[in-house]
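Student: So here's coords.pdb, just PDB, C-alpha atoms:
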ATOM      1  CA  MET A   1     -30.975  -5.204  23.891
ATOM      2  CA  SER A   2     -34.378  -4.688  22.284
ATOM      3  CA  VAL A   3     -35.744  -1.351  21.158
ATOM      4  CA  THR A   4     -39.460  -0.611  21.302
ATOM      5  CA  PRO A   5     -40.684   1.760  18.552
ATOM      6  CA  GLN A   6     -42.403   4.912  19.746
ATOM      7  CA  ASP A   7     -46.142   4.998  19.282
ATOM      8  CA  GLY A   8     -47.104   6.519  15.955
ATOM      9  CA  VAL A   9     -43.526   6.571  14.641
ATOM     10  CA  ARG A  10     -42.926   4.489  11.540
ATOM     11  CA  PRO A  11     -39.458   3.151  10.806
ATOM     12  CA  ARG A  12     -37.699   4.844   7.923
ATOM     13  CA  ARG A  13     -38.249   3.005   4.673
ATOM     14  CA  PHE A  14     -35.075   1.662   3.106
ATOM     15  CA  THR A  15     -34.483  -0.815   0.307
ATOM     16  CA  ARG A  16     -30.878  -1.837  -0.203
ATOM     17  CA  PRO A  17     -29.953  -1.364  -3.888
ATOM     18  CA  ARG A  18     -28.077  -4.049  -5.741
ATOM     19  CA  PRO A  19     -24.564  -2.899  -6.737
ATOM     20  CA  GLU A  20     -25.371  -2.949 -10.467
ATOM     21  CA  GLU A  21     -28.545  -0.880  -9.917
ATOM     22  CA  LEU A  22     -26.662   1.657  -7.831
ATOM     23  CA  ALA A  23     -23.913   1.941 -10.453
ATOM     24  CA  ARG A  24     -26.467   2.496 -13.215
ATOM     25  CA  VAL A  25     -28.277   5.260 -11.309
ATOM     26  CA  ARG A  26     -25.008   6.933 -10.359
ATOM     27  CA  SER A  27     -24.053   6.985 -14.032
ATOM     28  CA  VAL A  28     -27.402   8.488 -15.090
ATOM     29  CA  LEU A  29     -27.210  11.257 -12.491
ATOM     30  CA  SER A  30     -23.491  12.035 -12.742
ATOM     31  CA  LEU A  31     -21.930  15.079 -14.391
ATOM     32  CA  HIS A  32     -19.149  15.496 -16.914
ATOM     33  CA  PRO A  33     -15.938  17.100 -15.586
ATOM     34  CA  ASP A  34     -17.114  20.467 -16.955
ATOM     35  CA  GLY A  35     -20.300  20.215 -14.864
ATOM     36  CA  SER A  36     -22.675  19.429 -17.725
ATOM     37  CA  PRO A  37     -25.047  16.488 -17.274
ATOM     38  CA  ARG A  38     -24.210  13.110 -18.766
ATOM     39  CA  GLU A  39     -27.881  12.235 -19.204
ATOM     40  CA  THR A  40     -30.564  14.713 -20.275
ATOM     41  CA  ARG A  41     -33.490  12.470 -21.284
ATOM     42  CA  SER A  42     -36.219  13.231 -18.783
ATOM     43  CA  GLU A  43     -37.795   9.790 -18.755
ATOM     44  CA  VAL A  44     -34.439   8.195 -17.946
ATOM     45  CA  LEU A  45     -33.836  10.749 -15.184
ATOM     46  CA  TYR A  46     -37.325  10.164 -13.828
ATOM     47  CA  ARG A  47     -36.778   6.388 -13.599
ATOM     48  CA  ALA A  48     -33.476   6.976 -11.785
ATOM     49  CA  TRP A  49     -35.160   9.363  -9.356
ATOM     50  CA  GLN A  50     -37.913   6.841  -8.611
ATOM     51  CA  ALA A  51     -35.258   4.215  -7.859
ATOM     52  CA  CYS A  52     -33.563   6.636  -5.448
ATOM     53  CA  ARG A  53     -36.846   7.320  -3.685
ATOM     54  CA  ALA A  54     -37.500   3.599  -3.263
ATOM     55  CA  TRP A  55     -34.066   3.112  -1.710
ATOM     56  CA  GLY A  56     -34.680   5.761   0.947
ATOM     57  CA  PRO A  57     -34.409   9.503   1.627
ATOM     58  CA  ASP A  58     -30.736   9.491   2.572
ATOM     59  CA  ILE A  59     -29.515   7.808  -0.590
ATOM     60  CA  GLU A  60     -31.938   9.920  -2.658
ATOM     61  CA  ALA A  61     -30.448  13.096  -1.188
ATOM     62  CA  GLU A  62     -26.900  11.870  -1.792
ATOM     63  CA  LEU A  63     -27.353  10.749  -5.389
ATOM     64  CA  MET A  64     -29.615  13.599  -6.524
ATOM     65  CA  TYR A  65     -27.669  16.459  -4.947
ATOM     66  CA  ASP A  66     -25.142  17.420  -7.622
ATOM     67  CA  ARG A  67     -27.565  17.104 -10.524
ATOM     68  CA  PHE A  68     -30.693  18.560  -8.947
ATOM     69  CA  ASP A  69     -30.092  20.320  -5.631
ATOM     70  CA  ALA A  70     -26.828  22.215  -5.867
ATOM     71  CA  GLY A  71     -27.287  25.885  -6.722
ATOM     72  CA  ARG A  72     -30.999  25.753  -7.461
ATOM     73  CA  GLU A  73     -32.083  28.378  -4.917
ATOM     74  CA  GLU A  74     -31.504  31.350  -7.219
ATOM     75  CA  GLN A  75     -33.475  29.800 -10.074
ATOM     76  CA  ARG A  76     -36.350  28.835  -7.796
ATOM     77  CA  ALA A  77     -36.492  32.328  -6.304
ATOM     78  CA  ALA A  78     -37.009  33.688  -9.816
ATOM     79  CA  MET A  79     -40.213  31.651 -10.232
ATOM     80  CA  ASP A  80     -43.247  33.808  -9.460
ATOM     81  CA  LEU A  81     -45.409  31.620  -7.213
ATOM     82  CA  VAL A  82     -48.805  32.778  -5.946
ATOM     83  CA  PRO A  83     -50.325  31.517  -2.662
ATOM     84  CA  VAL A  84     -53.646  29.696  -3.128
ATOM     85  CA  GLY A  85     -55.970  28.117  -0.557
ATOM     86  CA  PRO A  86     -56.663  26.491   1.800
ATOM     87  CA  ALA A  87     -59.927  25.599   0.156
ATOM     88  CA  ARG A  88     -63.053  23.510   0.191
ATOM     89  CA  PHE A  89     -64.924  23.363  -3.108
ATOM     90  CA  GLU A  90     -67.021  21.116  -5.314
ATOM     91  CA  MET A  91     -64.851  19.657  -8.046
ATOM     92  CA  GLY A  92     -66.172  18.563 -11.425
ATOM     93  CA  GLY A  93     -69.803  18.553 -12.424
ATOM     94  CA  ARG A  94     -72.061  19.063 -15.388
ATOM     95  CA  PRO A  95     -71.642  22.354 -17.314
ATOM     96  CA  ALA A  96     -74.649  24.533 -18.044
ATOM     97  CA  ASP A  97     -75.058  23.098 -21.542
ATOM     98  CA  GLY A  98     -75.116  19.563 -20.165
ATOM     99  CA  TYR A  99     -72.127  18.451 -22.236
ATOM    100  CA  THR A 100     -69.381  16.654 -20.322
ATOM    101  CA  TYR A 101     -66.085  15.250 -21.545
ATOM    102  CA  HIS A 102     -63.511  12.774 -20.247
ATOM    103  CA  GLY A 103     -64.959  12.005 -16.828
ATOM    104  CA  GLU A 104     -66.003  15.416 -15.506
ATOM    105  CA  GLU A 105     -68.638  13.796 -13.293
ATOM    106  CA  PRO A 106     -69.656  13.219 -10.582
ATOM    107  CA  ALA A 107     -69.247  16.519  -8.779
ATOM    108  CA  HIS A 108     -67.645  15.847  -5.400
ATOM    109  CA  PRO A 109     -66.308  17.836  -2.433
ATOM    110  CA  VAL A 110     -62.564  18.419  -2.150
ATOM    111  CA  VAL A 111     -60.532  19.966   0.660
ATOM    112  CA  LEU A 112     -57.103  21.376  -0.207
ATOM    113  CA  LYS A 113     -54.318  22.508   2.037
ATOM    114  CA  PRO A 114     -52.606  25.766   0.977
ATOM    115  CA  PHE A 115     -50.185  25.625  -1.928
ATOM    116  CA  LEU A 116     -48.229  27.912  -4.230
ATOM    117  CA  LEU A 117     -48.767  28.004  -7.989
ATOM    118  CA  GLY A 118     -46.922  29.677 -10.837
ATOM    119  CA  ARG A 119     -48.475  32.983 -11.823
ATOM    120  CA  THR A 120     -48.020  31.981 -15.474
ATOM    121  CA  PRO A 121     -47.063  28.850 -17.369
ATOM    122  CA  VAL A 122     -43.326  28.161 -17.442
ATOM    123  CA  THR A 123     -41.736  30.210 -20.212
ATOM    124  CA  ASN A 124     -39.065  29.407 -22.783
ATOM    125  CA  ALA A 125     -36.650  31.606 -20.840
ATOM    126  CA  GLN A 126     -37.233  29.705 -17.596
ATOM    127  CA  TYR A 127     -37.060  26.292 -19.208
ATOM    128  CA  ALA A 128     -33.852  27.207 -21.059
ATOM    129  CA  GLN A 129     -32.023  27.201 -17.712
ATOM    130  CA  TRP A 130     -32.771  23.480 -17.519
ATOM    131  CA  SER A 131     -32.604  22.593 -21.218
ATOM    132  CA  PRO A 132     -30.664  25.329 -23.075
ATOM    133  CA  GLY A 133     -31.342  24.105 -26.591
ATOM    134  CA  HIS A 134     -35.035  23.296 -26.251
ATOM    135  CA  ALA A 135     -36.579  26.454 -27.691
ATOM    136  CA  ALA A 136     -33.554  28.211 -29.165
ATOM    137  CA  GLY A 137     -34.467  31.113 -31.437
ATOM    138  CA  THR A 138     -38.029  31.528 -30.132
ATOM    139  CA  ASP A 139     -39.545  34.309 -28.028
ATOM    140  CA  PRO A 140     -38.317  33.740 -24.454
ATOM    141  CA  GLN A 141     -41.625  34.957 -22.998
ATOM    142  CA  LEU A 142     -43.764  32.437 -24.827
ATOM    143  CA  PRO A 143     -44.969  29.487 -22.756
ATOM    144  CA  VAL A 144     -42.659  26.540 -23.240
ATOM    145  CA  THR A 145     -44.240  23.787 -25.328
ATOM    146  CA  GLY A 146     -43.160  20.494 -26.824
ATOM    147  CA  VAL A 147     -42.471  19.086 -23.360
ATOM    148  CA  THR A 148     -43.479  15.641 -22.116
ATOM    149  CA  TRP A 149     -44.878  14.952 -18.666
ATOM    150  CA  TYR A 150     -41.439  13.619 -17.739
ATOM    151  CA  ASP A 151     -39.835  16.888 -18.897
ATOM    152  CA  ALA A 152     -42.249  18.916 -16.780
ATOM    153  CA  VAL A 153     -41.791  16.731 -13.692
ATOM    154  CA  MET A 154     -37.995  16.782 -13.849
ATOM    155  CA  PHE A 155     -37.814  20.539 -14.457
ATOM    156  CA  GLY A 156     -39.873  20.929 -11.304
ATOM    157  CA  ARG A 157     -37.715  18.449  -9.395
ATOM    158  CA  TRP A 158     -34.627  20.426 -10.390
ATOM    159  CA  LEU A 159     -36.090  23.487  -8.676
ATOM    160  CA  GLY A 160     -37.590  21.669  -5.710
ATOM    161  CA  LEU A 161     -41.048  22.220  -7.180
ATOM    162  CA  ARG A 162     -43.711  19.921  -8.625
ATOM    163  CA  LEU A 163     -46.700  19.887 -10.944
ATOM    164  CA  PRO A 164     -50.071  20.875  -9.484
ATOM    165  CA  THR A 165     -52.510  18.119  -8.750
ATOM    166  CA  GLU A 166     -55.622  18.006 -10.891
ATOM    167  CA  ALA A 167     -57.699  19.249  -7.937
ATOM    168  CA  GLU A 168     -55.300  22.125  -7.228
ATOM    169  CA  TRP A 169     -55.326  23.120 -10.874
ATOM    170  CA  GLU A 170     -59.132  23.168 -11.083
ATOM    171  CA  TYR A 171     -59.578  25.210  -7.913
ATOM    172  CA  ALA A 172     -56.927  27.705  -9.027
ATOM    173  CA  ALA A 173     -58.451  28.003 -12.511
ATOM    174  CA  ARG A 174     -61.831  28.882 -11.033
ATOM    175  CA  GLY A 175     -60.323  31.750  -9.051
ATOM    176  CA  GLY A 176     -62.643  31.097  -6.139
ATOM    177  CA  SER A 177     -65.769  31.114  -8.305
ATOM    178  CA  ALA A 178     -68.198  28.250  -8.857
ATOM    179  CA  THR A 179     -68.471  29.141 -12.545
ATOM    180  CA  ASP A 180     -66.176  30.054 -15.442
ATOM    181  CA  PRO A 181     -66.229  33.405 -17.257
ATOM    182  CA  ALA A 182     -69.101  33.734 -19.696
ATOM    183  CA  PRO A 183     -68.082  32.986 -23.307
ATOM    184  CA  ALA A 184     -68.392  36.676 -24.165
ATOM    185  CA  ASP A 185     -65.902  37.568 -21.402
ATOM    186  CA  LEU A 186     -63.484  34.678 -21.881
ATOM    187  CA  ALA A 187     -61.440  36.478 -24.556
ATOM    188  CA  GLY A 188     -60.227  38.860 -21.867
ATOM    189  CA  TYR A 189     -58.690  35.967 -19.929
ATOM    190  CA  ALA A 190     -57.843  33.223 -22.404
ATOM    191  CA  TRP A 191     -56.145  32.793 -25.779
ATOM    192  CA  HIS A 192     -58.201  30.300 -27.766
ATOM    193  CA  ALA A 193     -59.013  29.540 -31.396
ATOM    194  CA  GLU A 194     -61.408  32.456 -31.725
ATOM    195  CA  ASN A 195     -59.002  35.203 -30.616
ATOM    196  CA  ALA A 196     -55.429  33.863 -30.752
ATOM    197  CA  GLY A 197     -54.923  34.126 -34.504
ATOM    198  CA  GLY A 198     -53.566  30.580 -34.625
ATOM    199  CA  ARG A 199     -50.401  31.334 -32.663
ATOM    200  CA  LEU A 200     -48.925  31.378 -29.189
ATOM    201  CA  HIS A 201     -48.809  34.630 -27.232
ATOM    202  CA  ALA A 202     -46.451  35.772 -24.484
ATOM    203  CA  VAL A 203     -47.555  34.796 -20.994
ATOM    204  CA  GLY A 204     -49.392  37.325 -18.831
ATOM    205  CA  GLY A 205     -50.780  39.415 -21.668
ATOM    206  CA  LEU A 206     -54.435  38.997 -20.708
ATOM    207  CA  LEU A 207     -56.329  39.622 -17.478
ATOM    208  CA  PRO A 208     -55.521  37.514 -14.414
ATOM    209  CA  ASN A 209     -58.217  35.660 -12.544
ATOM    210  CA  ALA A 210     -59.225  36.554  -8.987
ATOM    211  CA  PHE A 211     -56.181  34.731  -7.567
ATOM    212  CA  GLY A 212     -53.783  36.747  -9.748
ATOM    213  CA  LEU A 213     -53.084  33.799 -12.057
ATOM    214  CA  HIS A 214     -52.683  34.340 -15.806
ATOM    215  CA  ASP A 215     -53.502  31.997 -18.685
ATOM    216  CA  MET A 216     -55.128  29.281 -16.605
ATOM    217  CA  GLN A 217     -57.571  28.799 -19.457
ATOM    218  CA  GLY A 218     -56.427  28.752 -23.053
ATOM    219  CA  SER A 219     -52.874  29.516 -24.228
ATOM    220  CA  VAL A 220     -51.470  25.993 -23.642
ATOM    221  CA  TRP A 221     -52.733  22.777 -22.133
ATOM    222  CA  GLU A 222     -51.001  22.208 -18.800
ATOM    223  CA  TRP A 223     -49.699  18.929 -17.401
ATOM    224  CA  CYS A 224     -50.870  17.925 -13.918
ATOM    225  CA  GLN A 225     -49.362  15.380 -11.527
ATOM    226  CA  ASP A 226     -52.189  12.873 -11.747
ATOM    227  CA  THR A 227     -52.500   9.669 -13.667
ATOM    228  CA  TYR A 228     -55.681   9.889 -15.726
ATOM    229  CA  SER A 229     -58.618   7.643 -14.888
ATOM    230  CA  ALA A 230     -62.099   8.379 -16.196
ATOM    231  CA  ASP A 231     -63.728   7.037 -13.032
ATOM    232  CA  PHE A 232     -61.361   8.554 -10.457
ATOM    233  CA  TYR A 233     -63.951  11.072  -9.270
ATOM    234  CA  ALA A 234     -66.147   8.217  -8.021
ATOM    235  CA  VAL A 235     -63.429   7.104  -5.572
ATOM    236  CA  SER A 236     -61.554  10.383  -5.021
ATOM    237  CA  PRO A 237     -60.589  11.053  -1.392
ATOM    238  CA  LEU A 238     -61.878  14.205   0.266
ATOM    239  CA  HIS A 239     -58.521  15.678   1.264
ATOM    240  CA  ASP A 240     -55.861  16.642  -1.305
ATOM    241  CA  PRO A 241     -56.756  13.997  -3.903
ATOM    242  CA  LEU A 242     -54.024  12.740  -6.211
ATOM    243  CA  ASN A 243     -54.355   9.779  -8.541
ATOM    244  CA  GLU A 244     -51.027   7.936  -8.319
ATOM    245  CA  THR A 245     -52.221   4.637  -9.784
ATOM    246  CA  GLU A 246     -50.274   3.005 -12.573
ATOM    247  CA  GLY A 247     -51.279   4.193 -16.013
ATOM    248  CA  ALA A 248     -49.801   5.391 -19.281
ATOM    249  CA  HIS A 249     -51.746   8.664 -19.496
ATOM    250  CA  ARG A 250     -51.390  11.810 -17.410
ATOM    251  CA  VAL A 251     -53.915  14.593 -16.936
ATOM    252  CA  CYS A 252     -53.621  17.863 -18.823
ATOM    253  CA  ARG A 253     -55.973  20.800 -18.321
ATOM    254  CA  GLY A 254     -57.065  24.195 -19.552
ATOM    255  CA  GLY A 255     -57.491  24.202 -23.326
ATOM    256  CA  SER A 256     -55.167  26.000 -25.709
ATOM    257  CA  PHE A 257     -54.834  28.591 -28.437
ATOM    258  CA  HIS A 258     -55.774  25.819 -30.903
ATOM    259  CA  GLY A 259     -59.022  24.884 -29.145
ATOM    260  CA  PHE A 260     -62.437  26.520 -29.150
ATOM    261  CA  HIS A 261     -63.716  28.383 -26.132
ATOM    262  CA  ASP A 262     -65.726  25.432 -24.789
ATOM    263  CA  MET A 263     -62.447  23.510 -24.351
ATOM    264  CA  CYS A 264     -61.336  26.141 -21.817
ATOM    265  CA  ARG A 265     -63.744  25.058 -19.082
ATOM    266  CA  SER A 266     -62.101  24.654 -15.678
ATOM    267  CA  THR A 267     -63.814  21.272 -15.213
ATOM    268  CA  LEU A 268     -62.799  19.789 -18.563
ATOM    269  CA  ARG A 269     -60.402  16.849 -18.228
ATOM    270  CA  TYR A 270     -58.005  15.823 -20.957
ATOM    271  CA  HIS A 271     -55.108  13.372 -20.996
ATOM    272  CA  GLU A 272     -52.143  12.233 -23.040
ATOM    273  CA  PRO A 273     -49.388   9.593 -22.688
ATOM    274  CA  ALA A 274     -46.608  10.710 -20.356
ATOM    275  CA  ASP A 275     -44.102  10.691 -23.221
ATOM    276  CA  TYR A 276     -46.329  12.779 -25.520
ATOM    277  CA  TRP A 277     -45.525  16.350 -26.526
ATOM    278  CA  ALA A 278     -47.315  18.939 -28.657
ATOM    279  CA  PRO A 279     -46.911  22.581 -29.779
ATOM    280  CA  ASP A 280     -49.801  23.625 -27.515
ATOM    281  CA  LEU A 281     -48.903  21.631 -24.392
ATOM    282  CA  GLY A 282     -46.920  23.141 -21.510
ATOM    283  CA  PHE A 283     -47.085  23.328 -17.722
ATOM    284  CA  ARG A 284     -46.772  25.498 -14.635
ATOM    285  CA  CYS A 285     -45.096  24.674 -11.324
ATOM    286  CA  ALA A 286     -46.482  24.312  -7.825
ATOM    287  CA  MET A 287     -45.263  23.565  -4.318
ATOM    288  CA  ASP A 288     -46.718  22.986  -0.877
ATOM    289  CA  ALA A 289     -47.087  26.208   1.088
ATOM    290  CA  PRO A 290     -44.310  26.366   3.688
ATOM    291  CA  PRO A 291     -45.415  26.535   7.331
ATOM    292  CA  VAL A 292     -44.878  29.815   9.158
ATOM    293  CA  ALA A 293     -44.803  30.622  12.872
ATOM    294  CA  ASP A 294     -47.783  32.472  14.315
ATOM    295  CA  PRO A 295     -47.344  35.060  17.112
ATOM    296  CA  LYS A 296     -47.694  32.283  19.725
ATOM    297  CA  GLY A 297     -44.750  30.456  18.194
ATOM    298  CA  GLN A 298     -46.769  27.583  16.788
ATOM    299  CA  SER A 299     -46.367  26.379  13.235
ATOM    300  CA  ARG A 300     -49.145  27.008  10.754
ATOM    301  CA  HIS A 301     -49.473  27.069   6.975
ATOM    302  CA  VAL A 302     -49.392  30.196   4.877
ATOM    303  CA  PRO A 303     -53.045  31.178   4.307
TER
END
Spit out the file's structure as structure tokens when you get a sec.
Tutor:
Amino acid sequence: MSVTPQDGVRPRRFTRPRPEELARVRSVLSLHPDGSPRETRSEVLYRAWQACRAWGPDIEAELMYDRFDAGREEQRAAMDLVPVGPARFEMGGRPADGYTYHGEEPAHPVVLKPFLLGRTPVTNAQYAQWSPGHAAGTDPQLPVTGVTWYDAVMFGRWLGLRLPTEAEWEYAARGGSATDPAPADLAGYAWHAENAGGRLHAVGGLLPNAFGLHDMQGSVWEWCQDTYSADFYAVSPLHDPLNETEGAHRVCRGGSFHGFHDMCRSTLRYHEPADYWAPDLGFRCAMDAPPVADPKGQSRHVP
């Protein structure tokens, strides 16, 4: 008997793992008898997760469940996520002073579907639930720092969240405006070298932007999902762009308490190797906006 695929329906992707590969991934993701993880290095966990995804959604769900899915709902509910978008805006461009940095041009249109974004960067207290010893003895309300891109990605995966794309981050940082706060006003919104006193400050202590988001500029640089490419804007797709090409460096955005105010521009692009960490580099979490039913019973996205 032959089966004809339905029009527009793709067969489920599945790659059969070799026994030794499957055993290695099971070992990486398994728990000790007391429930603690056997492996805590984020890059190793990330490579195991990518192998699971290549093998198919069913085996990914099976292997990742105990380590990443079981009991995460309470922790995720405690993350304060703000709805943003949908949006159409012009991303990138030349600042008023004409100075650009790390591929901010050309300006190009972007359309984003709605998403949710953390009201603040992830704090020491939140990250401690994933890595208890990471920032022991420090203020729990400071933004977590000293985390690699792999650390940020796997913390998000643990909660069923992700990093924002570079386009999502830029739109959210602008707060719906085409321009950034004037330098004279920036101190009300951002901790930077001219007002931070050379130290980190607790999240949420300054004014939010128009979307209700704190510390988008200044405080700490924030990891984004994207691989960094200086010429990505020239080939960026219109809808929900994400650079997933191979590359050692990942995008980070926003400036920090170490940097001067002109590093806090929403269009400024920076990048570091995925395994890099620094005392002024953190992240915030995002997720796709869940669909909701309208009064007619049809599914739509949260506005």
Student: Quick one: residues within 7 Å of Ala286 of chain A, only C-alpha atoms counted, chain neighbours fewer than 2 positions away excluded, as a list in words?
Tutor: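 Neighbouring residues, sequence-local ones excluded: Leu116, Leu117, Gly118, Leu161, Arg162, Leu163, Pro164 and Arg284 of chain A.
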Student: So what do you get for atom CA of Ala128 of chain A versus atom CA of Glu272 of chain A, distance-wise?
Tutor: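 Separating atom CA of Ala128 of chain A from atom CA of Glu272 of chain A is a distance of 23.7 Å.
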Student: Can you measure atom CA of Tyr46 of chain A to atom CA of Leu112 of chain A for me? One decimal in Å is fine.
Tutor: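 Separating atom CA of Tyr46 of chain A from atom CA of Leu112 of chain A is a distance of 26.5 Å.
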Student: If you take all atoms listed in the file and a cut-off of 8 Å, which residues of segment 60-147 of chain A touch segment 201-206 of chain A, and what are their nearest atom pairs and distances in Å to one decimal, in chain and number order, as a tab-separated table?
Tutor:
residue	atom	partner	partner_atom	distance
A:Thr120	CA	A:Val203	CA	6.2
A:Pro121	CA	A:Val203	CA	7.0
A:Thr123	CA	A:Val203	CA	7.5
A:Asp139	CA	A:Ala202	CA	7.9
A:Gln141	CA	A:Ala202	CA	5.1
A:Leu142	CA	A:Ala202	CA	4.3
A:Pro143	CA	A:Val203	CA	6.2
Student: The PyMOL selection byres ((chain A and resi 209-219) around 6) - which residues does that actually catch in the file I just gave you? List them as a ChimeraX atom specification.
Tutor: /A:119-120,173,175,190-192,204,208,220,254-257,264
Student: Translate the PyMOL selection byres ((chain A and resi 246) around 12) into a concrete residue list for this structure, as a list of chain:residue names.
Tutor: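 Against this file, the PyMOL selection byres ((chain A and resi 246) around 12) returns the residues A:Asp226, A:Thr227, A:Tyr228, A:Ser229, A:Asn243, A:Glu244, A:Thr245, A:Gly247, A:Ala248, A:His249, A:Arg250, A:Ala274.
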Student: Counting only C-alpha atoms, find residues at most 10 Å from (-33.0, 26.7, -7.0) (file frame) and give them as number ranges by chain.
Tutor: A: 68-79, 156-161
Student: I need the residue nearest Phe283 of chain A from this list: A:Glu39, A:Glu90, A:Glu222, A:Asp180. Use all atoms listed in the file for the distance.
Tutor: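 Answer, going by the shortest atom-to-atom distance: A:Glu222.
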Student: List the neighbours of Val147 of chain A out to 12 Å using only C-alpha atoms; skip same-chain residues closer than 3 positions along the sequence, and give me the result as a VMD selection string.
Tutor: chain A and resid 41 to 43 122 to 124 127 131 134 to 135 143 to 144 150 to 155 220 to 223 272 to 284
